[in-house]
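Structure below is data38.csv: CSV, C-alpha atoms and all ligand atoms.
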```csv
chain,number,residue,atom,x,y,z
C,1,MET,CA,22.8,-80.0,54.9
C,2,ASN,CA,24.2,-81.3,51.6
C,3,TYR,CA,26.6,-84.3,51.7
C,4,ARG,CA,29.0,-84.8,48.7
C,5,LEU,CA,32.5,-86.0,47.8
C,6,ALA,CA,35.1,-83.3,48.4
C,7,VAL,CA,37.0,-81.7,45.5
C,8,LEU,CA,40.2,-79.7,45.3
C,9,SER,CA,38.5,-76.3,45.7
C,10,ASP,CA,37.3,-77.5,49.2
C,11,VAL,CA,40.9,-77.8,50.5
C,12,PRO,CA,41.1,-74.4,52.2
C,13,ALA,CA,37.8,-75.0,54.1
C,14,LEU,CA,38.8,-78.6,55.0
C,15,SER,CA,42.2,-77.3,56.3
C,16,ALA,CA,40.4,-74.6,58.3
C,17,ILE,CA,38.2,-77.1,60.1
C,18,GLU,CA,41.1,-79.3,61.1
C,19,LYS,CA,42.9,-76.3,62.5
C,20,ALA,CA,39.8,-75.3,64.5
C,21,GLN,CA,39.6,-78.9,65.8
C,22,PRO,CA,43.0,-79.8,67.2
C,23,ARG,CA,41.9,-83.5,67.7
C,24,CYS,CA,41.8,-83.9,63.9
C,25,ALA,CA,44.8,-85.3,62.1
C,26,GLN,CA,46.5,-82.1,61.0
C,27,TRP,CA,47.2,-82.7,57.3
C,28,GLY,CA,47.6,-79.1,56.0
C,29,GLU,CA,46.6,-78.1,52.5
C,30,LEU,CA,49.3,-80.2,50.9
C,31,GLY,CA,48.1,-83.3,52.8
C,32,TRP,CA,44.5,-82.7,51.7
C,33,GLN,CA,45.6,-82.3,48.1
C,34,THR,CA,47.6,-85.6,48.3
C,35,GLU,CA,44.6,-87.4,49.9
C,36,LEU,CA,42.2,-86.1,47.3
C,37,ALA,CA,44.5,-87.4,44.5
C,38,GLU,CA,44.6,-90.9,46.0
C,39,LYS,CA,42.3,-93.2,44.0
C,40,SER,CA,41.7,-95.6,47.0
C,41,SER,CA,40.6,-92.8,49.3
C,42,CYS,CA,37.3,-90.9,49.6
C,43,ILE,CA,36.7,-87.6,51.4
C,44,TRP,CA,33.0,-86.7,52.1
C,45,CYS,CA,32.1,-83.3,53.2
C,46,ALA,CA,28.9,-81.6,54.6
C,47,GLN,CA,28.0,-78.2,53.0
C,48,THR,CA,25.4,-75.7,53.9
C,49,GLY,CA,25.1,-72.7,51.6
C,50,LYS,CA,28.8,-71.9,50.8
C,51,GLN,CA,30.1,-73.2,54.1
C,52,ILE,CA,31.8,-76.5,54.6
C,53,ALA,CA,30.7,-77.8,58.0
C,54,GLY,CA,32.6,-81.1,58.3
C,55,PHE,CA,34.4,-84.0,56.6
C,56,ALA,CA,35.3,-87.6,56.9
C,57,ALA,CA,38.1,-89.4,55.1
C,58,LEU,CA,38.6,-93.1,54.5
C,59,ARG,CA,41.2,-95.1,52.6
C,60,LEU,CA,40.5,-98.6,51.3
C,61,ALA,CA,43.0,-101.4,50.4
C,62,ALA,CA,42.2,-105.1,49.7
C,63,GLY,CA,38.8,-104.9,51.2
C,64,VAL,CA,40.0,-103.3,54.4
C,65,GLY,CA,39.2,-99.6,55.1
C,66,GLU,CA,40.6,-97.2,57.6
C,67,ILE,CA,38.9,-94.0,58.7
C,68,LEU,CA,41.8,-91.5,58.6
C,69,ASN,CA,40.3,-88.2,59.7
C,70,VAL,CA,36.9,-86.8,60.8
C,71,GLY,CA,36.1,-83.3,61.8
C,72,VAL,CA,33.1,-81.0,62.3
C,73,SER,CA,33.5,-77.3,62.6
C,74,PRO,CA,32.9,-76.1,66.2
C,75,ASP,CA,29.9,-74.0,64.9
C,76,PHE,CA,28.1,-77.2,63.7
C,77,THR,CA,28.8,-79.9,66.3
C,78,ARG,CA,26.0,-82.0,68.0
C,79,ARG,CA,23.7,-81.8,65.0
C,80,GLY,CA,24.2,-85.3,63.6
C,81,ILE,CA,26.7,-84.2,61.0
C,82,GLY,CA,29.6,-86.3,62.2
C,83,VAL,CA,27.7,-89.5,62.3
C,84,GLU,CA,26.1,-88.9,58.9
C,85,LEU,CA,29.6,-88.3,57.4
C,86,VAL,CA,30.9,-91.5,58.9
C,87,LYS,CA,27.9,-93.4,57.4
C,88,ARG,CA,28.7,-91.8,54.0
C,89,VAL,CA,32.3,-93.1,54.0
C,90,LEU,CA,31.2,-96.5,55.2
C,91,ASN,CA,28.6,-96.7,52.4
C,92,TRP,CA,31.4,-95.7,49.9
C,93,ALA,CA,33.7,-98.4,51.2
C,94,ARG,CA,30.9,-101.0,51.0
C,95,GLU,CA,30.2,-100.0,47.4
C,96,HIS,CA,33.9,-100.3,46.6
C,97,GLY,CA,34.3,-103.8,48.0
C,98,GLY,CA,35.2,-102.9,51.6
C,99,ARG,CA,34.3,-105.6,54.2
C,100,GLN,CA,36.2,-104.5,57.3
C,101,ILE,CA,36.8,-101.0,58.6
C,102,THR,CA,39.2,-99.9,61.4
C,103,LEU,CA,40.3,-96.7,63.0
C,104,GLU,CA,42.3,-95.3,65.9
C,105,VAL,CA,41.0,-92.8,68.4
C,106,GLY,CA,42.5,-91.3,71.5
C,107,VAL,CA,41.1,-93.0,74.7
C,108,CYS,CA,40.4,-89.5,76.1
C,109,ASN,CA,38.5,-88.3,73.1
C,110,GLY,CA,35.0,-89.1,74.5
C,111,PRO,CA,33.0,-87.3,71.8
C,112,ALA,CA,34.7,-89.2,69.0
C,113,VAL,CA,34.6,-92.6,70.8
C,114,ALA,CA,30.8,-92.1,71.3
C,115,LEU,CA,30.4,-91.0,67.7
C,116,TYR,CA,32.1,-94.2,66.4
C,117,GLN,CA,30.1,-96.4,68.7
C,118,LYS,CA,26.9,-94.8,67.4
C,119,ALA,CA,28.1,-95.5,63.9
C,120,GLY,CA,28.5,-99.2,64.7
C,121,PHE,CA,32.2,-99.5,65.8
C,122,THR,CA,33.4,-101.6,68.8
C,123,GLN,CA,36.7,-101.6,70.5
C,124,VAL,CA,39.1,-104.3,69.2
C,125,GLY,CA,42.4,-103.3,70.8
C,126,VAL,CA,44.5,-100.7,72.4
C,127,ARG,CA,47.8,-99.1,71.2
C,128,LYS,CA,49.7,-98.0,74.3
C,129,ASN,CA,51.3,-94.5,74.2
C,130,PHE,CA,50.3,-94.1,70.5
C,131,TYR,CA,50.1,-90.3,70.4
C,132,ALA,CA,52.8,-87.7,70.9
C,133,ASN,CA,51.4,-86.9,74.4
C,134,ASN,CA,51.6,-90.6,75.4
C,135,GLU,CA,47.8,-91.0,75.2
C,136,ASP,CA,46.7,-94.5,74.4
C,137,ALA,CA,44.8,-95.2,71.2
C,138,LEU,CA,41.7,-97.4,71.0
C,139,ILE,CA,41.6,-99.5,67.9
C,140,MET,CA,38.0,-99.8,66.8
C,141,GLY,CA,36.5,-101.8,64.0
C,142,CYS,CA,33.2,-102.7,62.3
C,143,SER,CA,32.2,-105.2,59.6
C,144,LEU,CA,30.3,-104.0,56.6
C,201,LIG,C1,33.9,-86.0,67.1
C,201,LIG,C2,33.2,-85.1,66.2
C,201,LIG,C3,33.5,-85.4,64.8
C,201,LIG,C4,31.6,-85.3,66.4
C,201,LIG,O1,30.9,-84.6,65.4
C,201,LIG,P1,29.4,-84.1,65.6
C,201,LIG,O2,28.9,-83.7,64.3
C,201,LIG,O3,29.3,-83.2,66.8
C,201,LIG,O4,28.7,-85.5,66.1
C,201,LIG,P2,27.2,-85.9,66.0
C,201,LIG,O5,26.4,-84.7,66.2
C,201,LIG,O6,27.0,-86.6,64.7
C,201,LIG,O7,27.0,-86.9,67.2
C,201,LIG,C5,26.9,-88.3,67.1
C,201,LIG,C6,27.0,-88.9,68.4
C,201,LIG,O8,28.4,-88.8,68.9
C,201,LIG,C7,28.4,-88.6,70.3
C,201,LIG,N1,28.9,-87.2,70.6
C,201,LIG,C8,29.2,-86.3,69.7
C,201,LIG,N2,29.8,-85.2,70.4
C,201,LIG,C9,29.7,-85.5,71.7
C,201,LIG,C10,30.1,-84.8,72.8
C,201,LIG,N3,30.7,-83.6,72.8
C,201,LIG,N4,30.0,-85.4,74.0
C,201,LIG,C11,29.5,-86.7,74.1
C,201,LIG,N5,29.1,-87.4,73.0
C,201,LIG,C12,29.2,-86.8,71.8
C,201,LIG,C13,26.9,-88.7,70.7
C,201,LIG,O9,26.7,-90.1,71.0
C,201,LIG,C14,26.2,-88.3,69.5
C,201,LIG,O10,24.9,-88.7,69.5
C,201,LIG,P3,23.7,-87.9,70.2
C,201,LIG,O11,23.8,-86.5,69.7
C,201,LIG,O12,22.5,-88.6,69.7
C,201,LIG,O13,23.9,-88.0,71.6
C,201,LIG,C15,33.5,-83.6,66.5
C,201,LIG,O14,33.2,-83.4,67.9
C,201,LIG,C16,34.9,-83.2,66.2
C,201,LIG,O15,35.1,-82.7,65.1
C,201,LIG,N6,35.8,-83.4,67.1
C,201,LIG,C17,37.2,-83.1,66.9
C,201,LIG,C18,37.9,-83.9,65.9
C,201,LIG,C19,37.9,-85.4,66.3
C,201,LIG,O16,38.0,-85.7,67.5
C,201,LIG,N7,37.9,-86.3,65.3
C,201,LIG,C20,37.9,-87.7,65.5
C,201,LIG,C21,39.3,-88.2,65.6
C,201,LIG,S1,40.2,-88.2,64.1
```
Output the file's structure as structure tokens, nothing else.
Ligand SMILES: CC(C)(COP(=O)(O)OP(=O)(O)OC[C@H]1O[C@@H](n2cnc3c(N)ncnc32)[C@H](O)[C@@H]1OP(=O)(O)O)[C@@H](O)C(=O)NCCC(=O)NCCS
Amino acid sequence: MNYRLAVLSDVPALSAIEKAQPRCAQWGELGWQTELAEKSSCIWCAQTGKQIAGFAALRLAAGVGEILNVGVSPDFTRRGIGVELVKRVLNWAREHGGRQITLEVGVCNGPAVALYQKAGFTQVGVRKNFYANNEDALIMGCSL
């Protein structure tokens, strides 16, 4: 598996993964293009052959980063790709002056909560009824 920063030509593949994983933030191709143009953001992707297997996106401002979106194609889950992608965006944030990272994740999203815990995040709060279906969000954080 090859890990690299995503580029504009990856947008259709990134968008296809988010569609296949409804728990991802659904940005659509325009949203991906906007995020890729954002200087304070990074999007890492995992590639095998010509296929994109997953992505992780983070935005950094004044030393504080937020993980915005993480997804692994259903064909490639449980192979360590998600945790490696999260490590890559955390390294990028550290190299660009990030000190604190936060994220929100649905309380019922067990795989993602476990992934973030494995990557070093702990729960720092709860946002009640955060999602459209009234699911609460856990706020998780880690220091770099
Ligand atoms: C969450 C997600 C990114 C995990 O990707 P992945 O590549 O399968 O994760 P990894 O293989 O790196 O797993 C790392 C750890 O996360 C946890 N984990 C991942 N999937 C899990 C599952 N289905 N059930 C329980 N724990 C799970 C485990 O602790 C795992 O470590 P282990 O394999 O040593 O037990 C993937 O399931 C996904 O795309 N989900 C839908 C989108 C989403 O929820 N995104 C996050 C919110 S934005």
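Between atom O10 of ligand LIG 201 (chain C) and CA of Gly141 in chain C the separation is 18.3 Å.
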Report as a PyMOL selection string which protein, DNA and RNA residues come within 9 Å of ligand LIG 201 (chain C), using only C-alpha atoms and all ligand atoms.
chain C and resi 17-18+20-25+53-56+67-74+76-86+103-106+109-119
Pairwise distance for CA of Glu29 in chain C and CA of Leu90 in chain C, rounded to one decimal in Å:
24.1 Å
Set the distance at 8 Å and use only C-alpha atoms: which residues neighbour Trp44 in chain C once local chain neighbours fewer than 6 positions away are removed? I'd like the list as a VMD selection string.
chain C and resid 3 to 6 55 to 57 85 88 to 89
Minimum-distance residue to Glu66 in chain C, chosen among C:Ala137, C:Ala46, C:Met1, C:Ala93 (using all atoms listed in the file)
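The answer is C:Ala93, which sits nearest to Glu66 in chain C.
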Take range 18-44 of chain C, bring it up to N, CA, C and O atoms, and give me the output as a tab-separated table (two decimals), in the coordinates of the input.
```
chain	number	residue	atom	x	y	z
C	18	GLU	N	40.17	-78.52	60.27
C	18	GLU	CA	41.10	-79.30	61.10
C	18	GLU	C	41.91	-78.42	62.02
C	18	GLU	O	42.21	-78.81	63.14
C	19	LYS	N	42.20	-77.19	61.58
C	19	LYS	CA	42.90	-76.30	62.50
C	19	LYS	C	42.04	-75.87	63.66
C	19	LYS	O	42.52	-75.70	64.78
C	20	ALA	N	40.75	-75.73	63.41
C	20	ALA	CA	39.80	-75.30	64.50
C	20	ALA	C	39.52	-76.50	65.43
C	20	ALA	O	38.96	-76.28	66.51
C	21	GLN	N	39.86	-77.72	65.01
C	21	GLN	CA	39.60	-78.90	65.80
C	21	GLN	C	40.94	-79.63	66.02
C	21	GLN	O	41.30	-80.51	65.23
C	22	PRO	N	41.70	-79.29	67.07
C	22	PRO	CA	43.00	-79.80	67.20
C	22	PRO	C	43.08	-81.37	67.35
C	22	PRO	O	44.13	-81.98	67.13
C	23	ARG	N	41.92	-82.01	67.65
C	23	ARG	CA	41.90	-83.50	67.70
C	23	ARG	C	41.88	-84.13	66.35
C	23	ARG	O	42.03	-85.35	66.23
C	24	CYS	N	41.66	-83.34	65.29
C	24	CYS	CA	41.80	-83.90	63.90
C	24	CYS	C	43.21	-84.20	63.62
C	24	CYS	O	44.13	-83.56	64.14
C	25	ALA	N	43.44	-85.16	62.70
C	25	ALA	CA	44.80	-85.30	62.10
C	25	ALA	C	45.05	-83.99	61.36
C	25	ALA	O	44.18	-83.48	60.67
C	26	GLN	N	46.22	-83.43	61.56
C	26	GLN	CA	46.50	-82.10	61.00
C	26	GLN	C	47.31	-82.34	59.66
C	26	GLN	O	48.53	-82.50	59.66
C	27	TRP	N	46.60	-82.38	58.55
C	27	TRP	CA	47.20	-82.70	57.30
C	27	TRP	C	47.76	-81.46	56.55
C	27	TRP	O	48.66	-81.58	55.73
C	28	GLY	N	47.21	-80.31	56.80
C	28	GLY	CA	47.60	-79.10	56.00
C	28	GLY	C	47.11	-79.21	54.61
C	28	GLY	O	46.64	-80.27	54.17
C	29	GLU	N	47.18	-78.11	53.90
C	29	GLU	CA	46.60	-78.10	52.50
C	29	GLU	C	47.26	-79.09	51.61
C	29	GLU	O	46.59	-79.74	50.81
C	30	LEU	N	48.59	-79.25	51.73
C	30	LEU	CA	49.30	-80.20	50.90
C	30	LEU	C	48.80	-81.64	51.15
C	30	LEU	O	48.59	-82.43	50.22
C	31	GLY	N	48.61	-81.95	52.42
C	31	GLY	CA	48.10	-83.30	52.80
C	31	GLY	C	46.74	-83.55	52.23
C	31	GLY	O	46.45	-84.64	51.73
C	32	TRP	N	45.86	-82.55	52.28
C	32	TRP	CA	44.50	-82.70	51.70
C	32	TRP	C	44.58	-82.91	50.21
C	32	TRP	O	43.87	-83.74	49.65
C	33	GLN	N	45.45	-82.14	49.55
C	33	GLN	CA	45.60	-82.30	48.10
C	33	GLN	C	46.06	-83.71	47.74
C	33	GLN	O	45.55	-84.35	46.82
C	34	THR	N	47.02	-84.21	48.52
C	34	THR	CA	47.60	-85.60	48.30
C	34	THR	C	46.46	-86.60	48.48
C	34	THR	O	46.29	-87.52	47.68
C	35	GLU	N	45.68	-86.46	49.55
C	35	GLU	CA	44.60	-87.40	49.90
C	35	GLU	C	43.54	-87.41	48.80
C	35	GLU	O	43.00	-88.45	48.42
C	36	LEU	N	43.22	-86.21	48.31
C	36	LEU	CA	42.20	-86.10	47.30
C	36	LEU	C	42.63	-86.75	45.96
C	36	LEU	O	41.79	-87.22	45.18
C	37	ALA	N	43.94	-86.79	45.73
C	37	ALA	CA	44.50	-87.40	44.50
C	37	ALA	C	44.57	-88.90	44.59
C	37	ALA	O	44.79	-89.58	43.58
C	38	GLU	N	44.40	-89.43	45.79
C	38	GLU	CA	44.60	-90.90	46.00
C	38	GLU	C	43.33	-91.63	45.59
C	38	GLU	O	42.25	-91.44	46.13
C	39	LYS	N	43.49	-92.51	44.61
C	39	LYS	CA	42.30	-93.20	44.00
C	39	LYS	C	41.61	-94.11	45.04
C	39	LYS	O	40.41	-94.34	44.94
C	40	SER	N	42.35	-94.64	46.00
C	40	SER	CA	41.70	-95.60	47.00
C	40	SER	C	41.15	-94.85	48.17
C	40	SER	O	40.74	-95.50	49.12
C	41	SER	N	41.12	-93.53	48.13
C	41	SER	CA	40.60	-92.80	49.30
C	41	SER	C	39.27	-92.07	48.85
C	41	SER	O	39.05	-91.76	47.69
C	42	CYS	N	38.43	-91.81	49.85
C	42	CYS	CA	37.30	-90.90	49.60
C	42	CYS	C	37.26	-89.90	50.76
C	42	CYS	O	37.61	-90.21	51.91
C	43	ILE	N	36.87	-88.69	50.41
C	43	ILE	CA	36.70	-87.60	51.40
C	43	ILE	C	35.27	-87.09	51.18
C	43	ILE	O	34.98	-86.53	50.11
C	44	TRP	N	34.40	-87.29	52.17
C	44	TRP	CA	33.00	-86.70	52.10
C	44	TRP	C	33.02	-85.44	52.90
C	44	TRP	O	33.71	-85.31	53.92
```
